[in-house]
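K.L.:
My structure is in start.txt, and what it holds is compact mmCIF, C-alpha atoms:
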# COMPACT_ATOMS: atom_id res chain seq x y z
CA MET F 1 14.25 -36.13 -87.13
CA ASP F 2 16.74 -38.73 -88.24
CA HIS F 3 16.08 -42.30 -89.35
CA GLU F 4 16.54 -43.85 -85.88
CA GLU F 5 14.12 -41.40 -84.28
CA MET F 6 11.58 -42.12 -86.99
CA ARG F 7 12.05 -45.85 -86.46
CA ARG F 8 11.24 -45.46 -82.78
CA LEU F 9 8.00 -43.71 -83.67
CA LEU F 10 6.77 -46.71 -85.68
CA SER F 11 5.55 -48.33 -82.49
CA PRO F 12 3.32 -45.37 -81.39
CA LEU F 13 2.19 -44.99 -85.02
CA LEU F 14 0.94 -48.56 -84.93
CA ASP F 15 -0.88 -47.85 -81.66
CA GLY F 16 -2.47 -44.66 -82.98
CA GLU F 17 -0.71 -42.65 -80.29
CA LEU F 18 0.87 -39.95 -82.46
CA ASP F 19 -0.64 -36.53 -83.00
CA GLU F 20 -1.49 -35.48 -86.56
CA LYS F 21 1.76 -33.61 -87.18
CA ALA F 22 4.01 -36.46 -86.02
CA LYS F 23 1.87 -39.02 -87.81
CA LYS F 24 2.26 -37.17 -91.09
CA GLU F 25 6.02 -36.89 -90.63
CA VAL F 26 6.43 -40.61 -89.90
CA GLU F 27 4.19 -41.62 -92.78
CA GLU F 28 6.24 -39.47 -95.15
CA HIS F 29 9.39 -41.13 -93.87
CA LEU F 30 7.80 -44.57 -94.31
CA ALA F 31 7.04 -43.83 -97.94
CA ALA F 32 10.68 -42.95 -98.54
CA CYS F 33 12.48 -45.55 -96.37
CA PRO F 34 12.20 -49.24 -97.40
CA GLU F 35 13.98 -50.37 -94.22
CA CYS F 36 11.40 -48.70 -91.97
CA ARG F 37 8.60 -49.93 -94.21
CA ARG F 38 9.76 -53.53 -93.74
CA GLU F 39 10.12 -52.98 -90.00
CA TYR F 40 6.60 -51.57 -89.87
CA GLU F 41 5.19 -54.54 -91.80
CA HIS F 42 6.85 -56.93 -89.33
CA MET F 43 5.33 -54.99 -86.47
CA GLN F 44 1.94 -55.24 -88.11
CA GLU F 45 2.31 -59.02 -88.42
CA ILE F 46 3.19 -59.35 -84.74
CA GLU F 47 0.31 -57.00 -83.96
CA GLU F 48 -2.04 -59.23 -85.92
CA VAL F 49 -0.98 -62.33 -83.97
CA MET F 50 -1.10 -60.53 -80.62
CA GLY F 51 -4.45 -59.01 -81.49
CA MET F 52 -5.98 -62.46 -82.00
CA MET F 53 -4.82 -63.71 -78.63
CA THR F 54 -7.03 -63.28 -75.64
CA LEU F 55 -6.78 -64.55 -72.10
CA LYS F 56 -9.10 -67.42 -71.29
CA ASN F 57 -12.26 -66.39 -69.48
CA PRO F 58 -12.86 -68.23 -66.22
CA PRO F 59 -16.32 -69.70 -65.52
CA GLN F 60 -18.97 -67.14 -64.51
CA GLU F 61 -19.30 -68.99 -61.22
CA MET F 62 -15.87 -67.73 -60.21
CA TRP F 63 -17.01 -64.11 -60.43
CA ASN F 64 -20.17 -64.92 -58.46
CA HIS F 65 -18.10 -66.27 -55.57
CA TYR F 66 -15.25 -63.82 -55.85
CA TRP F 67 -16.35 -61.30 -53.22
CA ARG F 68 -17.41 -64.05 -50.79
CA SER F 69 -13.91 -65.55 -50.97
CA VAL F 70 -12.25 -62.18 -50.38
CA TYR F 71 -14.60 -61.53 -47.45
CA ASN F 72 -13.84 -64.94 -45.95
CA ARG F 73 -10.14 -64.23 -46.21
CA LEU F 74 -10.61 -60.88 -44.48
CA GLU F 75 -12.42 -62.56 -41.60
CA ARG F 76 -10.02 -65.46 -41.43
CA GLY F 77 -7.15 -62.98 -41.38
CA LEU F 78 -8.44 -61.45 -38.16
CA GLY F 79 -8.87 -64.96 -36.73
CA TRP F 80 -5.25 -65.83 -37.54
CA ILE F 81 -3.96 -62.60 -36.00
CA LEU F 82 -5.89 -63.23 -32.74
CA LEU F 83 -4.84 -66.89 -32.71
CA SER F 84 -1.16 -66.02 -33.23
CA LEU F 85 -1.27 -63.25 -30.65
CA GLY F 86 -2.89 -65.56 -28.10
CA ALA F 87 -0.39 -68.33 -28.83
CA ILE F 88 2.56 -65.94 -28.42
CA ILE F 89 1.23 -64.67 -25.07
CA LEU F 90 0.68 -68.23 -23.79
CA LEU F 91 4.07 -69.36 -25.03
CA PHE F 92 5.93 -66.44 -23.44
CA PHE F 93 4.05 -66.81 -20.17
CA GLY F 94 4.78 -70.56 -20.07
CA ALA F 95 8.45 -70.01 -20.89
CA TYR F 96 8.75 -67.26 -18.27
CA LYS F 97 7.19 -69.48 -15.57
CA MET F 98 9.43 -72.40 -16.49
CA VAL F 99 12.59 -70.29 -16.41
CA GLU F 100 11.50 -68.72 -13.10
CA GLU F 101 10.98 -72.20 -11.58
CA ILE F 102 14.37 -73.42 -12.73
CA ILE F 103 16.25 -70.29 -11.59
CA LYS F 104 14.59 -70.37 -8.14
CA ASP F 105 15.16 -74.10 -7.71
CA THR F 106 18.27 -74.47 -5.54
CA THR F 107 18.67 -78.14 -6.46
CA VAL F 108 19.29 -77.32 -10.12
CA PRO F 109 23.04 -77.05 -10.85
CA LEU F 110 24.36 -73.55 -11.68
CA VAL F 111 25.79 -74.67 -15.01
CA LEU F 112 22.30 -75.67 -16.19
CA LYS F 113 20.91 -72.27 -15.18
CA VAL F 114 23.70 -70.44 -17.04
CA GLY F 115 23.18 -72.68 -20.08
CA LEU F 116 19.47 -71.92 -20.08
CA LEU F 117 20.03 -68.15 -19.86
CA VAL F 118 22.59 -68.24 -22.70
CA PHE F 119 20.15 -70.29 -24.77
CA LEU F 120 17.37 -67.76 -24.13
CA ALA F 121 19.65 -64.85 -25.03
CA GLY F 122 20.35 -66.60 -28.36
CA VAL F 123 16.64 -67.06 -29.01
CA VAL F 124 15.93 -63.37 -28.30
CA ILE F 125 18.75 -62.19 -30.62
CA LEU F 126 17.54 -64.46 -33.44
CA LEU F 127 13.95 -63.31 -32.93
CA ILE F 128 14.91 -59.64 -33.09
CA SER F 129 17.00 -60.28 -36.19
CA VAL F 130 14.10 -62.01 -37.98
CA ILE F 131 11.62 -59.27 -37.01
CA ARG F 132 14.06 -56.62 -38.18
CA GLU F 133 14.45 -58.36 -41.53
CA GLN F 134 10.71 -58.73 -42.00
CA PHE F 135 9.79 -55.17 -41.15
CA PHE F 136 12.72 -53.05 -42.30
CA LEU F 137 14.80 -54.79 -44.90
CA ARG F 138 11.85 -55.99 -46.99
CA LYS F 139 10.77 -52.40 -47.47
CA LYS F 140 13.83 -51.75 -49.63
CA GLU F 141 13.65 -52.26 -53.40
CA ARG F 142 13.02 -55.94 -53.76
CA TYR F 143 12.48 -56.19 -57.45
CA LYS F 144 15.39 -54.35 -58.98
CA GLU F 145 17.09 -57.56 -60.01
CA ILE F 146 14.02 -59.43 -61.02
CA GLU F 147 14.53 -62.08 -63.66
CA LYS F 148 15.35 -60.93 -67.14
CA MET H 1 -12.83 -28.93 -61.36
CA ALA H 2 -9.69 -30.25 -62.95
CA ARG H 3 -6.37 -30.71 -61.31
CA GLU H 4 -2.99 -31.23 -62.86
CA LEU H 5 -1.53 -34.50 -61.75
CA SER H 6 1.88 -34.82 -63.26
CA LEU H 7 3.86 -33.87 -66.28
CA ALA H 8 5.03 -36.44 -68.76
CA GLN H 9 6.86 -35.82 -72.00
CA ASP H 10 5.62 -36.72 -75.43
CA SER H 11 7.83 -38.01 -78.21
CA PHE H 12 9.03 -34.51 -79.04
CA GLY H 13 9.88 -33.61 -75.49
CA SER H 14 6.85 -31.36 -74.97
CA PRO H 15 5.05 -31.78 -71.67
CA ILE H 16 1.74 -33.62 -71.73
CA ARG H 17 -0.74 -32.60 -69.06
CA LEU H 18 -2.42 -35.51 -67.37
CA GLU H 19 -5.61 -34.14 -65.98
CA MET H 20 -8.03 -35.79 -63.64
CA HIS H 21 -11.47 -34.58 -62.77
CA ARG H 22 -12.02 -34.68 -59.05
CA ASP H 23 -15.73 -35.23 -59.57
CA ASP H 24 -14.98 -38.55 -61.31
CA LEU H 25 -13.48 -39.79 -58.08
CA LEU H 26 -16.28 -38.84 -55.73
CA PRO H 27 -18.37 -42.02 -55.54
CA GLU H 28 -15.33 -44.27 -55.24
CA ARG H 29 -13.75 -41.93 -52.76
CA GLU H 30 -16.81 -41.99 -50.57
CA ILE H 31 -16.85 -45.78 -50.59
CA LEU H 32 -13.16 -45.90 -49.77
CA LEU H 33 -13.67 -43.52 -46.85
CA LYS H 34 -16.30 -45.91 -45.49
CA VAL H 35 -13.93 -48.85 -45.95
CA LYS H 36 -11.20 -46.89 -44.22
CA ALA H 37 -13.58 -46.35 -41.31
CA GLY H 38 -13.85 -50.15 -41.00
CA ASP H 39 -16.95 -50.91 -43.08
CA LYS H 40 -16.01 -54.30 -44.53
CA HIS H 41 -19.23 -54.64 -46.54
CA ALA H 42 -18.64 -51.36 -48.38
CA TYR H 43 -15.50 -52.95 -49.79
CA GLN H 44 -17.64 -55.28 -51.91
CA ALA H 45 -18.35 -52.50 -54.43
CA ILE H 46 -14.63 -51.86 -54.88
CA VAL H 47 -13.75 -55.55 -55.19
CA THR H 48 -16.56 -56.18 -57.69
CA LYS H 49 -15.51 -53.18 -59.76
CA TYR H 50 -11.87 -54.23 -60.11
CA MET H 51 -11.90 -58.04 -59.75
CA ARG H 52 -11.81 -58.77 -63.48
CA LYS H 53 -8.96 -56.36 -64.16
CA ALA H 54 -6.99 -57.70 -61.20
CA TYR H 55 -7.55 -61.34 -62.17
CA PHE H 56 -6.56 -60.88 -65.82
CA ILE H 57 -3.46 -58.85 -64.96
CA ALA H 58 -2.32 -61.59 -62.57
CA LEU H 59 -3.16 -64.22 -65.21
CA GLY H 60 -0.89 -62.43 -67.69
CA TYR H 61 1.97 -62.66 -65.21
CA VAL H 62 1.54 -66.16 -63.80
CA HIS H 63 -0.29 -68.00 -66.66
CA ASN H 64 -2.30 -70.17 -64.34
CA HIS H 65 -5.97 -69.81 -63.44
CA GLN H 66 -5.76 -70.95 -59.81
CA ASP H 67 -2.68 -68.88 -59.01
CA ALA H 68 -4.12 -65.79 -60.71
CA LEU H 69 -7.32 -66.14 -58.69
CA ASP H 70 -5.39 -66.60 -55.47
CA ILE H 71 -3.02 -63.67 -56.12
CA SER H 72 -5.78 -61.27 -57.19
CA GLN H 73 -7.90 -62.09 -54.13
CA GLU H 74 -4.91 -61.80 -51.84
CA SER H 75 -4.11 -58.37 -53.30
CA PHE H 76 -7.60 -57.15 -52.32
CA VAL H 77 -7.09 -58.54 -48.82
CA ARG H 78 -3.68 -56.85 -48.46
CA ALA H 79 -5.10 -53.58 -49.81
CA TYR H 80 -7.88 -53.74 -47.22
CA ARG H 81 -5.40 -54.34 -44.41
CA LYS H 82 -3.24 -51.43 -45.55
CA MET H 83 -6.25 -49.18 -46.17
CA LYS H 84 -5.30 -46.90 -43.28
CA THR H 85 -2.21 -45.80 -45.22
CA PHE H 86 -4.14 -45.17 -48.45
CA ASP H 87 -4.59 -41.55 -49.52
CA THR H 88 -8.20 -41.38 -50.75
CA ARG H 89 -7.38 -38.47 -53.04
CA ARG H 90 -5.50 -40.96 -55.20
CA ARG H 91 -7.05 -43.51 -57.51
CA PHE H 92 -7.46 -46.92 -55.95
CA PHE H 93 -6.54 -49.17 -58.85
CA PRO H 94 -2.92 -48.03 -59.41
CA TRP H 95 -2.37 -48.63 -55.70
CA LEU H 96 -3.92 -52.10 -55.88
CA TYR H 97 -1.92 -52.77 -59.04
CA GLU H 98 1.33 -52.18 -57.15
CA ILE H 99 0.35 -54.80 -54.56
CA LEU H 100 -0.85 -57.18 -57.28
CA LYS H 101 2.38 -56.81 -59.22
CA ASN H 102 4.53 -57.45 -56.15
CA LEU H 103 2.54 -60.57 -55.24
CA SER H 104 2.82 -61.84 -58.81
CA LEU H 105 6.57 -61.23 -58.78
CA ASP H 106 6.94 -63.03 -55.44
CA HIS H 107 5.04 -65.96 -56.94
CA LEU H 108 7.20 -66.02 -60.08
CA LYS H 109 10.35 -65.92 -57.95
CA ARG H 110 9.13 -68.91 -55.96
CA CYS H 111 8.25 -70.78 -59.17
CA LYS H 112 11.64 -69.97 -60.65
CA ARG H 113 13.37 -71.33 -57.57
CA LYS H 114 11.38 -74.53 -58.00
CA ASN H 115 12.01 -74.33 -61.75
CA GLU H 116 8.34 -74.54 -62.64
CA VAL H 117 6.56 -71.78 -64.50
CA PRO H 118 3.12 -73.18 -65.21
CA LEU H 119 1.56 -73.03 -68.67
CA ASP H 120 -2.01 -74.16 -68.35
CA GLY H 121 -3.37 -72.93 -71.66
CA THR H 122 -4.60 -69.49 -70.59
CA LEU H 123 -4.11 -67.98 -74.05
CA VAL H 124 -6.97 -68.33 -76.49
CA LEU H 125 -6.96 -67.97 -80.25
CA PRO H 126 -10.03 -68.01 -82.48
CA ALA H 127 -10.90 -71.68 -83.20
CA ARG H 128 -9.79 -71.60 -86.82
CA GLN H 129 -6.41 -70.22 -85.78
CA GLU H 130 -5.85 -72.65 -82.93
CA ASP H 131 -2.14 -73.21 -82.89
CA LYS H 132 -0.51 -74.66 -79.79
CA GLU H 133 3.00 -74.15 -81.07
CA LEU H 134 2.38 -70.47 -81.69
CA LYS H 135 0.85 -69.95 -78.25
CA ALA H 136 3.74 -71.69 -76.52
CA ALA H 137 6.26 -69.64 -78.56
CA LEU H 138 4.44 -66.45 -77.67
CA TRP H 139 4.30 -67.12 -73.92
CA LYS H 140 7.94 -68.13 -73.98
CA GLY H 141 8.74 -64.93 -75.86
CA ILE H 142 6.80 -62.72 -73.46
CA ASP H 143 8.30 -64.45 -70.43
CA SER H 144 11.83 -63.95 -71.70
CA LEU H 145 11.40 -60.15 -71.82
CA PRO H 146 12.84 -58.01 -69.00
CA PHE H 147 10.08 -57.37 -66.49
CA ASP H 148 9.47 -53.69 -67.33
CA GLN H 149 8.95 -54.61 -71.00
CA ARG H 150 6.72 -57.56 -70.15
CA GLU H 151 4.61 -55.42 -67.85
CA ILE H 152 3.93 -52.74 -70.46
CA LEU H 153 3.39 -55.27 -73.25
CA LEU H 154 0.80 -57.19 -71.21
CA LEU H 155 -1.02 -54.00 -70.23
CA ARG H 156 -1.08 -52.87 -73.84
CA TYR H 157 -2.23 -56.12 -75.42
CA PHE H 158 -4.32 -57.86 -72.81
CA GLN H 159 -5.79 -54.84 -71.03
CA GLN H 160 -5.93 -52.69 -74.18
CA LEU H 161 -4.69 -49.66 -72.25
CA SER H 162 -3.53 -46.49 -73.96
CA TYR H 163 -0.03 -45.10 -73.31
CA ARG H 164 -1.54 -42.53 -70.98
CA GLU H 165 -3.41 -45.18 -68.99
CA ILE H 166 -0.30 -47.35 -68.75
CA ALA H 167 1.65 -44.33 -67.54
CA GLY H 168 -1.02 -43.61 -64.92
CA LEU H 169 -1.01 -47.20 -63.70
CA THR H 170 2.72 -47.82 -63.57
CA GLY H 171 3.79 -44.32 -62.56
CA LYS H 172 6.16 -44.12 -65.55
CA PRO H 173 6.33 -41.11 -67.88
CA ILE H 174 4.61 -41.55 -71.27
CA GLY H 175 7.97 -41.25 -73.07
CA THR H 176 9.28 -44.23 -71.05
CA VAL H 177 6.13 -46.25 -71.79
CA MET H 178 6.58 -45.55 -75.49
CA SER H 179 10.26 -46.47 -75.66
CA THR H 180 9.82 -49.55 -73.46
CA LEU H 181 7.04 -50.78 -75.71
CA PHE H 182 9.22 -50.18 -78.75
CA HIS H 183 12.05 -52.26 -77.26
CA ALA H 184 9.58 -54.96 -76.19
CA ARG H 185 8.29 -55.19 -79.75
CA MET H 186 11.81 -55.42 -81.14
CA ARG H 187 12.60 -58.28 -78.74
CA LEU H 188 9.33 -59.99 -79.54
CA LYS H 189 10.11 -59.69 -83.23
CA GLU H 190 13.49 -61.34 -82.68
CA ILE H 191 11.90 -64.13 -80.66
CA LEU H 192 8.91 -64.75 -82.91
CA GLY H 193 10.62 -63.77 -86.14
CA ARG H 194 11.64 -67.30 -87.09
CA PHE H 195 8.26 -68.66 -86.14
CA LEU H 196 6.30 -66.12 -88.13
CA GLY H 197 8.78 -66.13 -91.00
CA LEU H 198 9.39 -62.40 -90.68
CA GLU H 199 12.89 -62.53 -92.11
CA GLY H 200 11.81 -64.53 -95.12
CA GLN H 201 12.41 -67.81 -93.32
CA ASP H 202 10.14 -70.77 -93.89
CA SER H 203 8.14 -70.65 -90.69
CA PRO H 204 5.99 -73.40 -89.18
CA ARG H 205 3.04 -70.99 -89.34
CA ARG H 206 3.49 -70.13 -92.99
CA ARG H 207 3.96 -73.79 -93.89
CA GLN H 208 0.64 -74.50 -92.18
CA ASP H 209 -1.07 -71.73 -94.09
CA GLY H 210 0.37 -73.12 -97.29
CA SER H 211 1.93 -69.77 -98.12
Show me, as structure tokens, the structure contained in the file I just sent.
P.N.:
Amino acid sequence: MDHEEMRRLLSPLLDGELDEKAKKEVEEHLAACPECRREYEHMQEIEEVMGMMTLKNPPQEMWNHYWRSVYNRLERGLGWILLSLGAIILLFFGAYKMVEEIIKDTTVPLVLKVGLLVFLAGVVILLISVIREQFFLRKKERYKEIEK
Amino acid sequence: MARELSLAQDSFGSPIRLEMHRDDLLPEREILLKVKAGDKHAYQAIVTKYMRKAYFIALGYVHNHQDALDISQESFVRAYRKMKTFDTRRRFFPWLYEILKNLSLDHLKRCKRKNEVPLDGTLVLPARQEDKELKAALWKGIDSLPFDQREILLLRYFQQLSYREIAGLTGKPIGTVMSTLFHARMRLKEILGRFLGLEGQDSPRRRQDGS
């Protein structure tokens, strides 16, 4: 293995992820290559700093209430779905009745009826477009260009 | 009974067999089957088993206690709702991790749009080493890494996972985990090098130590 390949194995050496044979090879290279030795020492320093860092523990109380919060969300989720479904049904029924009244009403000018139908067609197209975006386009790779 | 899951390559290009014992999965699998059948209460055992892991992984990504709590709980809720599509022969946590990661990324995207990535002091050093400047430099360094490097670095350092475990969780071959971690370390060295005085510079940390 050449120098660059050896250099790349310094990281798994530090993590104790090399098998005996590879470990021996890299250690032999380290003994002979000052550049890799310096690199390895730098890695060890970073390792030392990283090793001291831990993530802050939240209060024990949080773990005690954790499941209860998840459970509440599960239940509330069902509530929201039923509420939204009910609201959509009521809204559509109301809109249908209103449109029916206006169309049947002979006193309403034709231009208003046409305007209303064009407006409704626009709403339907926009609605389909939004639903399509939510259900199909979002499934594509969303995170390929995530921030560097 | 052991079953071969996938083949990864080690540093010399030889295949590494990742084996999983089906028996290890039995209790969890049984619980998940109950959950799949609509038993909400059975889900408690799963949530309790993985809540700490999920919370700390989210905390590593978003650096804020409240957001990490919210994202980790939401990931359990989403997993429950999608449970019908879950193949119970697979391990649950890598599947949850995928949801958790996507929620964290969505959150970071929103924060970035608003130009606010919170830093609420979620990193802890031993008392004698308490060094705010170092912690801020480190978070900034980690955050500036490309996401794939940040992901593997956080799993390695804050979850203490082995290369094999990281590969199992992220679905990446071991060789990729190894090289990504190498590149992450090189970037981290560049970023923290001045601070730690790695290139012989007079660093704030060394000055503090009096060395």
K.L.:
When you draw a straight line from atom CA of Leu196 of chain H to atom CA of Val49 of chain F, how long is it in Å?
P.N.:
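So the two atoms, atom CA of Leu196 of chain H and atom CA of Val49 of chain F, lie 9.2 Å apart.
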K.L.:
Kindly determine which residues of chain H lie within 7 Å of chain F, considering all atoms listed in the file, and give the answer as a list in words.
P.N.:
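My answer is Gln44, Val47, Thr48, Gln73, Val77, Thr122, Leu123, Val124, Leu125, Pro126, Ser144, Leu145, Pro146, Phe147, Tyr157, Phe158, Met178, Phe182 and Leu198 of chain H.
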K.L.:
Using atom CA of Leu14 of chain F and atom CA of Lys132 of chain H as the two end points, give the distance in Å to one decimal.
P.N.:
26.6 Å
K.L.:
Any idea what's packed within 8 Å of Val35 of chain H, counting all atoms listed in the file, ignoring anything in its chain fewer than 5 positions away? Could you give it as number ranges by chain?
P.N.:
H: 40-43, 80, 83
K.L.:
Rank H:Ser179, H:Tyr61, H:Tyr97, H:Thr88 by their smallest atom-to-atom distance to Glu151 of chain H, using only C-alpha atoms, and report the top residue only.
P.N.:
H:Tyr61
K.L.:
Rank nothing, just name the residue among H:Leu153, H:Glu165, H:Asp106, H:Gln160 nearest to Thr180 of chain H, using only C-alpha atoms.
P.N.:
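Using only C-alpha atoms, the shortest distance to Thr180 of chain H belongs to H:Leu153.
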K.L.:
What's the separation between atom CA of Ser104 of chain H and atom CA of Arg156 of chain H, in Å to one decimal place?
P.N.:
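So the two atoms, atom CA of Ser104 of chain H and atom CA of Arg156 of chain H, lie 17.9 Å apart.
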K.L.:
Give me the residues near segment 96-101 of chain F as an mmCIF file with C-alpha atoms, in the frame of the given file, where near means some atom within 10 Å (using all atoms listed in the file) and where sequence neighbours in that chain fewer than 6 positions away do not count.
P.N.:
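New file result-v1.cif:
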data_model
loop_
_atom_site.group_PDB
_atom_site.id
_atom_site.type_symbol
_atom_site.label_atom_id
_atom_site.label_comp_id
_atom_site.auth_asym_id
_atom_site.auth_seq_id
_atom_site.Cartn_x
_atom_site.Cartn_y
_atom_site.Cartn_z
ATOM 1 C CA LEU F 90 0.680 -68.230 -23.790
ATOM 2 C CA VAL F 108 19.290 -77.320 -10.120
ATOM 3 C CA LYS F 113 20.910 -72.270 -15.180
ATOM 4 C CA LEU F 116 19.470 -71.920 -20.080
ATOM 5 C CA LEU F 117 20.030 -68.150 -19.860
ATOM 6 C CA LEU F 120 17.370 -67.760 -24.130
#
